[in-house]
Amino acid sequence: MKPGISDEAKIALDAKLTTALGAINIAMEAYPDLKANENVMHLQRSLNEIEEQISAARRAYNQAVTDLNNAIEMFPTNLIAGWMNLQRRAVFEIHVTERQNVNVGALFNK
Amino acid sequence: MKSVSELTDFYYKELYPSLNELETNRKQIVSHLKWYGSMGVVVFIIVALWMVKNFGLFHPLMIGVAIGFIAIASIAYRSMTSGYAKDFKAKIITPMIGAIDPHLLYNPDFMISQHLFERSDLFKHSIDRYSGNDYVKGSIEGVPLEFSDVHAEYQTRDSKGRTQWHTLFRGLFLVAEFNKHFKAKTIILPDQAEKSFGSLIGGWLQSINFTREGIIRLDDPEFEKHFVVYGSDPIEARYILTHSMMKRILDFQRRVSHPLFVSFVHNHIHVGIGTGKDLFEPAVFTSLLDYKQAMEYVNTLQNTIGLVEELKLNEKLWSKV
């Protein structure tokens, strides 16, 4: 990742990456033969690994941001935050596409 | 891996001949104990009466005699029951562990090494006396594990120079390989501060614990209520403690209902269950055929060995093979 990139851009990139990883997994399910291939298995393991690592980093970041946001709003730390001119930060959120329920009807009609 | 009901069946059906043999043995020991016990009491009363007559009730010799009798009684009790305990382990516990998985090795006199216990980093205090027994080693579903009873103590001296022994940990200690790679340490301890002082003051107390590395607050409120997590790398701690892993640890905690200590060090998971007693020891005064007693042996074994499946340590989804 490029240095000096803004938080908002990072969050947008994370959302893109998560969608892409999900898409790969779904695409692989369409080809059962692929599961027998060692390279594909290795790829899947790596993807799982990356996904969990990213998720861990995201949760660590979100916890830190939540602590910061709470401190900015709560007494007595809010006085210091106001004096230091600290701003609330945004947290990573689950993308809208991932939040939607699975449309089983559409799956059967494919 | 067998279920609890299968194991209970095994206990009552396959082990029935040895159970019966041991049970007659046990009854004999109990009747001996009663006979010698009552004789001892009679002798003690006679000696005591004689001493009261000659020296008076509060003579220092009196205390000496009482202590002497207690010492003799406990030595006699030990020597009479130790053979029975040995037989019990050889004839009941060994086949039971074999029934759970034939690849498990069992040694009643050995214990998990002190090095592994200290490596877990669960207990910061130095250990002055370390003992244990009932050591099991092997692999379940391809996951290497070992566990045993452990009793770790440290000693202190009071102002008069008397040494006192304190128990640091007593219970079951298990070490198994973890299915993810990690470099940092993550330590999960029972949450005492937050329970006794509430979340605000307790949380503050936890965060200034000088003996531990940074505190890690996790995003599962239920988990946070029961445990406190320390670790050197907050990202890695969350990589290990996914939401499902936290839920599994919580579920396990609810079932064992003893203090639970878990640490992730050196690519291994270390679990301490602070039962406060020595497990797999037969109670001389309760029947071996007693259902409750049998269930205790079966459940302890099943819970411990089942931890591999319960925490899904056999799931190899990640880059570690």
# chains A, B, ... in the order shown; residues from 1 in each chain; ligands from 1

call {"tool": "residues_around", "arguments": {"residues": "Asp14 (chain A)", "least_positions_apart": "6", "cutoff": "9 Å", "atoms": "only C-alpha atoms", "output": "PyMOL selection string"}}
result
chain A and resi 54+58+92

call {"tool": "interface_residues", "arguments": {"of": "chain B", "to": "chain A", "cutoff": "8 Å", "atoms": "only C-alpha atoms", "output": "ChimeraX atom specification"}}
result
/B:217-219,234-239,242,317-319

call {"tool": "atom_distance", "arguments": {"atom1": "CA of Tyr106 (chain B)", "atom2": "CA of Ile93 (chain B)"}}
result
8.8 Å

call {"tool": "closest_atom_pairs", "arguments": {"of": "region 54-139 of chain B", "to": "region 170-178 of chain B", "cutoff": "9 Å", "atoms": "only C-alpha atoms", "output": "CSV"}}
result
residue,atom,partner,partner_atom,distance
B:Ile112,CA,B:Phe173,CA,7.7
B:Leu116,CA,B:Val175,CA,7.9
B:Phe117,CA,B:Phe173,CA,7.9
B:Ser120,CA,B:Val175,CA,8.8
B:Ser139,CA,B:Ala176,CA,8.8

call {"tool": "closest_residue", "arguments": {"among": "B:Tyr12, B:Phe261, B:Lys180, B:His268", "to": "Asp290 (chain B)", "atoms": "only C-alpha atoms"}}
result
B:Tyr12

call {"tool": "residues_around", "arguments": {"residues": "region 123-127 of chain B", "least_positions_apart": "2", "cutoff": "8 Å", "atoms": "only C-alpha atoms", "output": "VMD selection string"}}
result
chain B and resid 118 120 to 121 129 to 130 152 to 154 168 211

call {"tool": "select_by_dssp", "arguments": {"residues": "region 7-98 of chain A", "states": "alpha helix (DSSP H)", "output": "ChimeraX atom specification"}}
result
/A:7-29,38-73,77-84,96-98

call {"tool": "write_last_selection", "arguments": {"atoms": "C-alpha atoms", "output": "PDB file, in the first residue's frame"}}
result
ATOM      1  CA  ASP A   7      -7.960   6.784   5.913  1.00  0.00           C
ATOM      2  CA  GLU A   8     -10.998   7.103   3.668  1.00  0.00           C
ATOM      3  CA  ALA A   9      -9.057   5.737   0.691  1.00  0.00           C
ATOM      4  CA  LYS A  10      -7.811   2.808   2.811  1.00  0.00           C
ATOM      5  CA  ILE A  11     -11.342   1.967   3.854  1.00  0.00           C
ATOM      6  CA  ALA A  12     -12.504   2.066   0.247  1.00  0.00           C
ATOM      7  CA  LEU A  13      -9.618  -0.210  -0.805  1.00  0.00           C
ATOM      8  CA  ASP A  14     -10.442  -2.666   1.958  1.00  0.00           C
ATOM      9  CA  ALA A  15     -14.057  -2.873   0.794  1.00  0.00           C
ATOM     10  CA  LYS A  16     -12.908  -3.568  -2.779  1.00  0.00           C
ATOM     11  CA  LEU A  17     -10.470  -6.261  -1.687  1.00  0.00           C
ATOM     12  CA  THR A  18     -13.054  -8.040   0.458  1.00  0.00           C
ATOM     13  CA  THR A  19     -15.534  -8.110  -2.419  1.00  0.00           C
ATOM     14  CA  ALA A  20     -12.855  -9.441  -4.767  1.00  0.00           C
ATOM     15  CA  LEU A  21     -11.852 -12.222  -2.345  1.00  0.00           C
ATOM     16  CA  GLY A  22     -15.488 -13.206  -1.930  1.00  0.00           C
ATOM     17  CA  ALA A  23     -15.952 -13.259  -5.697  1.00  0.00           C
ATOM     18  CA  ILE A  24     -12.988 -15.627  -6.145  1.00  0.00           C
ATOM     19  CA  ASN A  25     -14.425 -18.056  -3.623  1.00  0.00           C
ATOM     20  CA  ILE A  26     -17.821 -18.016  -5.300  1.00  0.00           C
ATOM     21  CA  ALA A  27     -16.289 -18.420  -8.751  1.00  0.00           C
ATOM     22  CA  MET A  28     -14.325 -21.455  -7.567  1.00  0.00           C
ATOM     23  CA  GLU A  29     -17.442 -23.136  -6.271  1.00  0.00           C
ATOM     24  CA  GLU A  38      -3.160 -28.846  -5.295  1.00  0.00           C
ATOM     25  CA  ASN A  39      -2.343 -25.367  -6.543  1.00  0.00           C
ATOM     26  CA  VAL A  40      -5.934 -24.281  -6.132  1.00  0.00           C
ATOM     27  CA  MET A  41      -6.045 -25.718  -2.619  1.00  0.00           C
ATOM     28  CA  HIS A  42      -2.896 -23.782  -1.835  1.00  0.00           C
ATOM     29  CA  LEU A  43      -4.445 -20.636  -3.268  1.00  0.00           C
ATOM     30  CA  GLN A  44      -7.555 -21.138  -1.177  1.00  0.00           C
ATOM     31  CA  ARG A  45      -5.495 -21.574   1.985  1.00  0.00           C
ATOM     32  CA  SER A  46      -3.583 -18.417   1.176  1.00  0.00           C
ATOM     33  CA  LEU A  47      -6.802 -16.516   0.550  1.00  0.00           C
ATOM     34  CA  ASN A  48      -8.218 -17.690   3.871  1.00  0.00           C
ATOM     35  CA  GLU A  49      -5.025 -16.658   5.568  1.00  0.00           C
ATOM     36  CA  ILE A  50      -5.053 -13.198   3.970  1.00  0.00           C
ATOM     37  CA  GLU A  51      -8.691 -12.718   4.801  1.00  0.00           C
ATOM     38  CA  GLU A  52      -8.181 -13.555   8.477  1.00  0.00           C
ATOM     39  CA  GLN A  53      -5.086 -11.371   8.699  1.00  0.00           C
ATOM     40  CA  ILE A  54      -6.937  -8.446   7.149  1.00  0.00           C
ATOM     41  CA  SER A  55      -9.934  -9.029   9.365  1.00  0.00           C
ATOM     42  CA  ALA A  56      -7.654  -9.048  12.434  1.00  0.00           C
ATOM     43  CA  ALA A  57      -6.003  -5.793  11.387  1.00  0.00           C
ATOM     44  CA  ARG A  58      -9.395  -4.276  10.696  1.00  0.00           C
ATOM     45  CA  ARG A  59     -10.722  -5.277  14.104  1.00  0.00           C
ATOM     46  CA  ALA A  60      -7.607  -3.932  15.828  1.00  0.00           C
ATOM     47  CA  TYR A  61      -7.999  -0.647  13.967  1.00  0.00           C
ATOM     48  CA  ASN A  62     -11.714  -0.431  14.720  1.00  0.00           C
ATOM     49  CA  GLN A  63     -11.109  -1.037  18.419  1.00  0.00           C
ATOM     50  CA  ALA A  64      -8.467   1.693  18.531  1.00  0.00           C
ATOM     51  CA  VAL A  65     -10.762   4.107  16.679  1.00  0.00           C
ATOM     52  CA  THR A  66     -13.679   3.270  18.984  1.00  0.00           C
ATOM     53  CA  ASP A  67     -11.483   3.935  22.029  1.00  0.00           C
ATOM     54  CA  LEU A  68     -10.391   7.227  20.496  1.00  0.00           C
ATOM     55  CA  ASN A  69     -13.939   8.279  19.593  1.00  0.00           C
ATOM     56  CA  ASN A  70     -15.168   7.406  23.076  1.00  0.00           C
ATOM     57  CA  ALA A  71     -12.361   9.375  24.668  1.00  0.00           C
ATOM     58  CA  ILE A  72     -13.182  12.392  22.477  1.00  0.00           C
ATOM     59  CA  GLU A  73     -16.800  12.322  23.625  1.00  0.00           C
ATOM     60  CA  THR A  77     -10.888  13.363  28.241  1.00  0.00           C
ATOM     61  CA  ASN A  78     -13.180  15.363  25.931  1.00  0.00           C
ATOM     62  CA  LEU A  79     -11.754  18.622  27.363  1.00  0.00           C
ATOM     63  CA  ILE A  80      -8.215  17.619  26.399  1.00  0.00           C
ATOM     64  CA  ALA A  81      -9.414  16.383  23.020  1.00  0.00           C
ATOM     65  CA  GLY A  82     -11.109  19.720  22.391  1.00  0.00           C
ATOM     66  CA  TRP A  83      -7.987  21.583  23.394  1.00  0.00           C
ATOM     67  CA  MET A  84      -5.826  19.373  21.133  1.00  0.00           C
ATOM     68  CA  VAL A  96     -23.662  -3.114   1.748  1.00  0.00           C
ATOM     69  CA  THR A  97     -23.321  -5.957  -0.754  1.00  0.00           C
ATOM     70  CA  GLU A  98     -22.099  -8.319   1.981  1.00  0.00           C
TER      71      GLU A  98
END

call {"tool": "residues_around", "arguments": {"residues": "Val228 (chain B)", "least_positions_apart": "5", "cutoff": "7 Å", "atoms": "only C-alpha atoms", "output": "VMD selection string"}}
result
chain B and resid 188 to 191

call {"tool": "write_last_selection", "arguments": {"atoms": "C-alpha atoms", "output": "tab-separated table (two decimals), in the first residue's frame"}}
result
chain	number	residue	atom	x	y	z
B	188	ILE	CA	-6.14	-15.02	28.29
B	189	LEU	CA	-6.81	-14.92	32.02
B	190	PRO	CA	-10.00	-15.11	34.06
B	191	ASP	CA	-11.34	-11.62	34.61

call {"tool": "residues_around", "arguments": {"residues": "region 67-81 of chain B", "least_positions_apart": "6", "cutoff": "12 Å", "atoms": "only C-alpha atoms", "output": "JSON, numbers by chain"}}
result
{"B": [22, 25, 26, 27, 28, 29, 30, 31, 32, 33, 34, 36, 37, 38, 39, 40, 41, 42, 43, 44, 45, 47, 48, 60, 61, 87, 88, 281, 282, 283, 284, 285]}

call {"tool": "write_last_selection", "arguments": {"atoms": "C-alpha atoms", "output": "mmCIF file, in the first residue's frame"}}
result
data_model
loop_
_atom_site.group_PDB
_atom_site.id
_atom_site.type_symbol
_atom_site.label_atom_id
_atom_site.label_comp_id
_atom_site.auth_asym_id
_atom_site.auth_seq_id
_atom_site.Cartn_x
_atom_site.Cartn_y
_atom_site.Cartn_z
ATOM 1 C CA LEU B 22 -11.248 -53.515 42.269
ATOM 2 C CA ASN B 25 -10.461 -54.791 46.884
ATOM 3 C CA ARG B 26 -11.829 -51.388 47.837
ATOM 4 C CA LYS B 27 -14.328 -52.856 50.298
ATOM 5 C CA GLN B 28 -11.538 -54.815 51.937
ATOM 6 C CA ILE B 29 -9.418 -51.702 52.279
ATOM 7 C CA VAL B 30 -12.341 -49.754 53.724
ATOM 8 C CA SER B 31 -13.046 -52.459 56.313
ATOM 9 C CA HIS B 32 -9.315 -52.565 57.197
ATOM 10 C CA LEU B 33 -9.276 -48.801 57.502
ATOM 11 C CA LYS B 34 -12.296 -48.873 59.796
ATOM 12 C CA TYR B 36 -7.333 -49.965 62.269
ATOM 13 C CA GLY B 37 -8.961 -46.570 62.651
ATOM 14 C CA SER B 38 -11.091 -47.611 65.608
ATOM 15 C CA MET B 39 -8.103 -49.424 67.170
ATOM 16 C CA GLY B 40 -6.023 -46.261 66.752
ATOM 17 C CA VAL B 41 -8.725 -44.140 68.372
ATOM 18 C CA VAL B 42 -8.959 -46.545 71.322
ATOM 19 C CA VAL B 43 -5.150 -46.550 71.802
ATOM 20 C CA PHE B 44 -5.090 -42.772 71.527
ATOM 21 C CA ILE B 45 -7.800 -42.372 74.176
ATOM 22 C CA VAL B 47 -2.657 -42.908 76.077
ATOM 23 C CA ALA B 48 -4.405 -39.558 76.462
ATOM 24 C CA PRO B 60 3.108 -29.734 75.805
ATOM 25 C CA LEU B 61 3.738 -33.476 75.485
ATOM 26 C CA ASP B 87 -4.414 -50.669 40.305
ATOM 27 C CA PHE B 88 -7.206 -48.277 39.483
ATOM 28 C CA GLU B 281 -7.609 -40.320 41.796
ATOM 29 C CA PRO B 282 -10.012 -42.979 43.053
ATOM 30 C CA ALA B 283 -11.987 -42.067 46.174
ATOM 31 C CA VAL B 284 -11.705 -44.995 48.576
ATOM 32 C CA PHE B 285 -14.962 -44.261 50.354
#

call {"tool": "atom_distance", "arguments": {"atom1": "CA of Ile97 (chain B)", "atom2": "CA of Asp109 (chain B)"}}
result
15.3 Å

call {"tool": "select_by_dssp", "arguments": {"residues": "region 87-313 of chain B", "states": "strand (DSSP E or B)", "output": "VMD selection string"}}
result
chain B and resid 105 to 107 129 to 140 143 to 157 163 to 177 186 to 190 215 to 216 227 to 231 260 to 265 268 to 273
